[in-house]
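Asker: Supplied in structure tokens, the structure appears directly below.
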Amino acid sequence: MNTPEQLLSVHVAGAVKELFGSAIEPASVTFQKTNPQFEGDITLVVFPYVKMAGKSPEQTGQIIGEYLQKHVSEVASWNVVKGFLNVVINSKYWIETFVHLKEDETWGRQNVVLGAPFVMVEYSSPNTNKPLHLGHMRNILLGYSVAEIFKAAGNEVMKVNLVNDRGIHICKSMLAWQKWGNGETPESSGMKGDMLVGKYYVEFDKHYKAEIKILESQGIGKDDAEKKAPLILEAQNMLRKWEANDSEVRELWQKMNGWVYDGFAKTYAKLNVDFDKMYYESNTYILGKEIVEEGLKKNVFQKRDDGAVIIDNTDSKLDVKVLLRSDGTSVYITQDLGTAVERHKEYPFDKLIYVVGNEQDYHFKTLKVSLKKLGYAWADGLYHLSYGMVELPEGKMKSREGTVVDADDLIEKMETEAREMAAEKGLIEGMSKEDQDHLSHMVGMAALKYFILKVDPKKTMVFNPKESIDLQGNTGPFIQYTHARIRSIWRKSELSTVPAFEAPAEIHAKEKDLIKLLSTFPAIIQEAAREYSPAVVANYTYDVARTFNQFYDACDVLKEADANLKNFRIALCMTVSRTIREGMRLIGVEVPEKM
RNA sequence: GGUUACGUAGCUCAACUGGAUAGAGCAUCGCACUACGGAUGCGAAGGUUUGGGGUUCGAAUCCCUACGUGACCA
């Protein structure tokens with residue numbers, strides 16, 4: 001089924017060729033939505049052709065309009081306003097479009113064809129010394145959703161997580177636990193594992209700060225004090241032991257990381273996200289060494305006088321970057337270079353999407369440029385899905401001021417809030433405890449996920465806890481509610497299959513709006529993939545729900561005396577509910593039958 | 001200081017990548033339920049798109065500049 005754009009663009013090109021004698025690409029013909037105040041379904045911008053026509057914009061529009069009506073049977077009528085040619089497509093076309101849509105079992109999803117681009121999405125990538133917070137949540141939700149969108153767009157997708165499980169930060173938690181933990185475990189304390197480990201990270205910091213203060217009072221400079229405090233020296237010593245494979249340190253490391261993984265697993269489960277493969281930095285951090293050799297051999301890297309290995313990216317408007325320090329220790333970027341190469345060997349991806357905050361923009365530019373210099377053509381497929389920070393109405397989250405919003409707390413808060421709302425409305429009366437739990441979980445998560453995903457990823461966003469639990473307007477629960485309403489219509493119709501109907505001769509304006517909107521779903525998925533933006537899908541789904549409510553208000557669906565028209569409308573409702581369900585699925589939101 | 005991103009209604013966000021009178025939601029005010037799911041719909045009010053220049057038929061969008069905010073780098 002051709003879209004109106006496809007239907008018309010060839011003929012517009014034909015018109016320009018035949019009437020004005022200029023050859024243009026049909027793909028270059030630009031359309032836009034018709035402004036609601038004028039009659040029409042689609043609008044051609046005629047400005048590009050006025051020069052070729054040698055006439056005024058109005059006249060040019062007139063001529064093209066006449067041509068289109070003569071050559072395209074779907075064109076019912078047209079009008080020109082200034083340089084805009086508004087074209088009305090006949091009802092028959094829209095009804096056929098709808099019938100086609102109704103029977104399309106793929107719901108706009110493309111089938112993965114053989115040889116479709118293989119996309120790897122790396123997201124979440126937490127540190128194991130702290131529990132997850134609101135910022136991580138944006139990362140996780142974006143990553144999961146983008147992966148689902150690429151799947152729907154017809155790509156083969158692999159979701160991976162690279163856990164930062166080694167380094168000085170873990171040693172800090174470990175050391176603090178050894179010193180002040182008294183053998184506390186998640187079981188003994190009842191704390192979630194990641195919370196417990198996070199607690200000791202904070203504990204370390206507290207004591208460390210105290211030591212610095214003492215040193216400073218002895219007249220030692222701040223920088224020096226930070227470097228010479230006994231605690232940090234001890235932590236560094238622990239890291240060396242870890243690297244030397246000291247069995248005692250490794251054992252503790254494994255125990256405490258285990259707690260953290262249990263904790264993360266619970267949070268991931270609550271958010272309903274998953275991974276096809278887990279990578280651990282403790283396994284990958286050595287990979288960089290080989291790449292250094294390779295780079296030196298290929299003369300892409302240089303050895304500086306002090307022994308450090310560097311890459312000079314000033315030709316790409318970047319800096320000189322150290323890859324191996326003079327003391328032989330490697331740097332983050334070196335690991336990332338090695339990891340990328342290793343990964344591509346194992347899974348030859350066409351695209352690798354890193355979901356990482358925008359504070360690392362520079363890092364990923366360097367990564368890509370460096371890999372290309374090393375001669376890896378696939379580096380073109382690297383994409384840094386850079387997202388903005390999440391702020392609170394009071395400003396930035398600051399761990400020092402305790403304004404960090406913890407992921408688990410927030411999830412729980414959303415659920416209880418959803419439950420209270422439902423109870424207030426009397427919607428969960430007579431429900432089993434299980435159903436109540438399930439519903440409040442669904443609604444709470446919808447509120448949270450939608451609130452975060454409706455915003456363009458690259459923008460800094462403000463998370464307002466109060467507003468996010470709102471159930472009205474542009475929110476997840478509003479969309480869920482609309483879906484539940486439609487399912488209720490379906491139940492009341494007491495039909496078992498989508499009813500057949502004779503195409504009505506004319507359709508209501510609101511019905512046409514809906515059909516028009518529904519028919520763009522496949523295009524929306526493609527756009528979302530092109531822009532790496534779940535927000536495109538989220539806002540579209542809201543549009544569908546909103547337009548449905550208007551349609552619902554303007555047309556009596558079940559009360560319609562004409563049985564045929566009633567069936568048509570019920571079929572329309574069903575298609576709407578399917579689209580909503582699918583759109584919400586792409587942003588990781590479940591949709592209830594009843595609420 | 002250098003690099004980079006961003007700045008749209010009181011608030012949170014849109015605007016099909018250069019197109020018509022810049023759209024939604026929240027908050028405010030008003031209207032609409034015997035029944036269809038009111039967690040709804042309709043309307044009013046709210047804007048010099050941070051300021052100033054430029055590019056052209058046409059700018060929130062592109063270029064320059066000033067201011068503001070954030071991030072990276074020293």
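A note on labels: chains of the structure tokens are A, B, ... as shown, every chain counts residues from 1, and ligands are counted from 1 in their shown order.
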Using only C-alpha atoms (C1' of nucleotides), which residues sit within 12 Å of B:C62 once same-chain residues fewer than 6 positions away are excluded, as number ranges by chain?
Answerer: B: 17-18, 54-56
Asker: For the residues selected in the previous step, produce a file with N, CA and C atoms (P, O5', C5', C4', C3', O3' and C1' of nucleotides) as a tab-separated table (two decimals), in the first residue's frame.
Answerer:
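This is the output file again-v7.tsv:
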chain	number	residue	atom	x	y	z
B	17	U	P	11.97	16.76	7.20
B	17	U	O5'	13.55	16.78	7.37
B	17	U	C5'	14.21	17.82	6.78
B	17	U	C4'	14.50	18.90	7.79
B	17	U	C3'	15.95	19.40	7.74
B	17	U	O3'	15.94	20.78	8.12
B	17	U	C1'	15.45	18.63	9.91
B	18	G	P	17.07	21.77	7.61
B	18	G	O5'	16.35	23.18	7.55
B	18	G	C5'	15.39	23.55	8.55
B	18	G	C4'	14.27	24.31	7.89
B	18	G	C3'	13.61	23.58	6.72
B	18	G	O3'	12.25	23.99	6.58
B	18	G	C1'	14.46	25.60	5.98
B	54	G	P	20.78	42.69	9.23
B	54	G	O5'	21.42	41.49	8.44
B	54	G	C5'	22.76	41.63	7.93
B	54	G	C4'	23.40	40.29	7.72
B	54	G	C3'	22.73	39.40	6.68
B	54	G	O3'	23.04	39.82	5.36
B	54	G	C1'	23.33	38.12	8.57
B	55	U	P	21.93	39.69	4.22
B	55	U	O5'	22.00	38.15	3.87
B	55	U	C5'	23.25	37.55	3.54
B	55	U	C4'	23.07	36.07	3.35
B	55	U	C3'	21.83	35.68	2.57
B	55	U	O3'	22.03	35.80	1.17
B	55	U	C1'	21.99	34.34	4.51
B	56	U	P	20.76	36.04	0.22
B	56	U	O5'	19.75	34.89	0.62
B	56	U	C5'	19.72	33.64	-0.06
B	56	U	C4'	18.28	33.22	-0.29
B	56	U	C3'	17.49	34.26	-1.08
B	56	U	O3'	16.49	33.64	-1.87
B	56	U	C1'	16.57	34.03	1.08
Asker: Hey, list the chain B side of the contact with chain A: 7 Å cut-off, only C-alpha atoms (C1' of nucleotides), answer as a ChimeraX atom specification.
Answerer: /B:13,25,36-37,39,41,71-72
Asker: Any chance you could export the current selection's N, CA and C atoms (P, O5', C5', C4', C3', O3' and C1' of nucleotides) as a PDB file, in the first residue's frame?
Answerer:
ATOM      1  P     C B  13      12.029  19.015  30.619  1.00  0.00           P
ATOM      2  O5'   C B  13      11.087  18.410  29.480  1.00  0.00           O
ATOM      3  C5'   C B  13      11.282  18.730  28.124  1.00  0.00           C
ATOM      4  C4'   C B  13      10.130  18.182  27.353  1.00  0.00           C
ATOM      5  C3'   C B  13      10.207  18.319  25.838  1.00  0.00           C
ATOM      6  O3'   C B  13      10.976  17.277  25.277  1.00  0.00           O
ATOM      7  C1'   C B  13       8.083  19.026  26.567  1.00  0.00           C
ATOM      8  P     G B  25      -3.810  19.691  25.454  1.00  0.00           P
ATOM      9  O5'   G B  25      -3.017  19.181  26.734  1.00  0.00           O
ATOM     10  C5'   G B  25      -2.819  17.791  26.943  1.00  0.00           C
ATOM     11  C4'   G B  25      -1.784  17.561  27.995  1.00  0.00           C
ATOM     12  C3'   G B  25      -1.995  18.311  29.302  1.00  0.00           C
ATOM     13  O3'   G B  25      -2.916  17.643  30.137  1.00  0.00           O
ATOM     14  C1'   G B  25       0.235  18.568  28.614  1.00  0.00           C
ATOM     15  P     C B  36     -22.441   4.820  31.538  1.00  0.00           P
ATOM     16  O5'   C B  36     -21.651   4.960  30.170  1.00  0.00           O
ATOM     17  C5'   C B  36     -20.866   3.916  29.739  1.00  0.00           C
ATOM     18  C4'   C B  36     -21.273   3.483  28.337  1.00  0.00           C
ATOM     19  C3'   C B  36     -20.128   3.227  27.379  1.00  0.00           C
ATOM     20  O3'   C B  36     -19.534   1.979  27.621  1.00  0.00           O
ATOM     21  C1'   C B  36     -21.867   4.355  26.263  1.00  0.00           C
ATOM     22  P     G B  37     -18.014   1.951  28.233  1.00  0.00           P
ATOM     23  O5'   G B  37     -17.657   3.400  28.826  1.00  0.00           O
ATOM     24  C5'   G B  37     -18.219   3.865  30.033  1.00  0.00           C
ATOM     25  C4'   G B  37     -17.155   4.578  30.838  1.00  0.00           C
ATOM     26  C3'   G B  37     -16.319   5.554  30.036  1.00  0.00           C
ATOM     27  O3'   G B  37     -15.971   6.661  30.871  1.00  0.00           O
ATOM     28  C1'   G B  37     -14.917   3.915  30.971  1.00  0.00           C
ATOM     29  P     A B  39     -12.547   9.020  35.596  1.00  0.00           P
ATOM     30  O5'   A B  39     -11.327   9.595  34.772  1.00  0.00           O
ATOM     31  C5'   A B  39     -10.752  10.843  35.111  1.00  0.00           C
ATOM     32  C4'   A B  39      -9.302  10.870  34.666  1.00  0.00           C
ATOM     33  C3'   A B  39      -9.109  10.481  33.205  1.00  0.00           C
ATOM     34  O3'   A B  39      -7.913  11.088  32.710  1.00  0.00           O
ATOM     35  C1'   A B  39      -8.035   8.910  34.561  1.00  0.00           C
ATOM     36  P     G B  41      -8.932  13.997  26.497  1.00  0.00           P
ATOM     37  O5'   G B  41     -10.150  14.740  25.804  1.00  0.00           O
ATOM     38  C5'   G B  41     -10.790  14.161  24.681  1.00  0.00           C
ATOM     39  C4'   G B  41     -12.051  14.908  24.374  1.00  0.00           C
ATOM     40  C3'   G B  41     -11.885  16.395  24.119  1.00  0.00           C
ATOM     41  O3'   G B  41     -11.455  16.659  22.793  1.00  0.00           O
ATOM     42  C1'   G B  41     -13.676  16.070  25.599  1.00  0.00           C
ATOM     43  P     A B  71      28.595  20.767  35.180  1.00  0.00           P
ATOM     44  O5'   A B  71      29.090  19.879  33.962  1.00  0.00           O
ATOM     45  C5'   A B  71      28.387  18.704  33.587  1.00  0.00           C
ATOM     46  C4'   A B  71      28.944  18.176  32.295  1.00  0.00           C
ATOM     47  C3'   A B  71      30.454  18.053  32.271  1.00  0.00           C
ATOM     48  O3'   A B  71      30.874  16.891  32.938  1.00  0.00           O
ATOM     49  C1'   A B  71      29.730  19.117  30.299  1.00  0.00           C
ATOM     50  P     C B  72      32.379  16.695  33.305  1.00  0.00           P
ATOM     51  O5'   C B  72      32.842  16.337  31.833  1.00  0.00           O
ATOM     52  C5'   C B  72      33.980  15.554  31.570  1.00  0.00           C
ATOM     53  C4'   C B  72      34.485  15.889  30.204  1.00  0.00           C
ATOM     54  C3'   C B  72      35.915  16.358  30.197  1.00  0.00           C
ATOM     55  O3'   C B  72      36.811  15.275  30.304  1.00  0.00           O
ATOM     56  C1'   C B  72      34.641  17.818  28.878  1.00  0.00           C
TER      57        C B  72
END
Asker: Looking only at the backbone, which of the residues in stretch 349-475 of chain A does DSSP tag as helix (DSSP H, G or I), as a PyMOL selection string?
Answerer: chain A and resi 358-373+377-381+407-424+433-453+465-468
Asker: Set the distance at 6 Å and use only C-alpha atoms (C1' of nucleotides): which residues neighbour stretch 157-174 of chain A once local chain neighbours fewer than 3 positions away are removed? I'd like the list as a list in words.
Answerer: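 Residues near the query, excluding close chain neighbours: Phe118, Val119, Met120, Val121, Glu122, Tyr123, Ser125, Pro126, Asn127, Thr128, Asn129, Trp177, Tyr200, Tyr201, Ala235, Phe275, Asp276, Lys277, Met278, Tyr279, Tyr280, Glu281 and Ser282 of chain A.
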Asker: May I ask which of the residues A:Lys270, A:Lys368, A:Lys51, A:His441 is the closest one to A:Glu420, counting only C-alpha atoms?
Answerer: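 With only C-alpha atoms as the atom set, the closest residue is A:His441.
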Asker: Using only C-alpha atoms for the distances, tell me which of A:Leu7, A:Ala563, A:Leu85, A:Val99 is nearest to A:Ser73.
Answerer: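 Smallest distance to A:Ser73 is found for A:Leu7.
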Asker: Identify, on the basis of only C-alpha atoms (C1' of nucleotides), every residue whose closest approach to A:Asp224 does not exceed 12 Å; exclude the query and any residue fewer than 5 positions from it along the same chain; express the result as a list of chain:residue names.
Answerer: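 Near A:Asp224, the qualifying residues are A:Glu211, A:Ile212, A:Lys213, A:Leu215, A:Glu216, A:Gln218, A:Gly219, A:Ala229, A:Pro230, A:Ile232.
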Asker: For the selection just defined, write its residues with C-alpha atoms to a file, as a PDB file, in the first residue's frame.
Answerer:
ATOM      1  CA  GLU A 211      42.188  11.807  57.344  1.00  0.00           C
ATOM      2  CA  ILE A 212      42.745  14.551  54.828  1.00  0.00           C
ATOM      3  CA  LYS A 213      41.527  17.107  57.303  1.00  0.00           C
ATOM      4  CA  LEU A 215      46.847  16.054  57.493  1.00  0.00           C
ATOM      5  CA  GLU A 216      45.857  19.518  56.398  1.00  0.00           C
ATOM      6  CA  GLN A 218      49.392  19.500  60.169  1.00  0.00           C
ATOM      7  CA  GLY A 219      50.226  21.981  57.467  1.00  0.00           C
ATOM      8  CA  ALA A 229      46.210   9.758  53.361  1.00  0.00           C
ATOM      9  CA  PRO A 230      46.806   6.254  54.746  1.00  0.00           C
ATOM     10  CA  ILE A 232      43.974   5.809  49.929  1.00  0.00           C
TER      11      ILE A 232
END
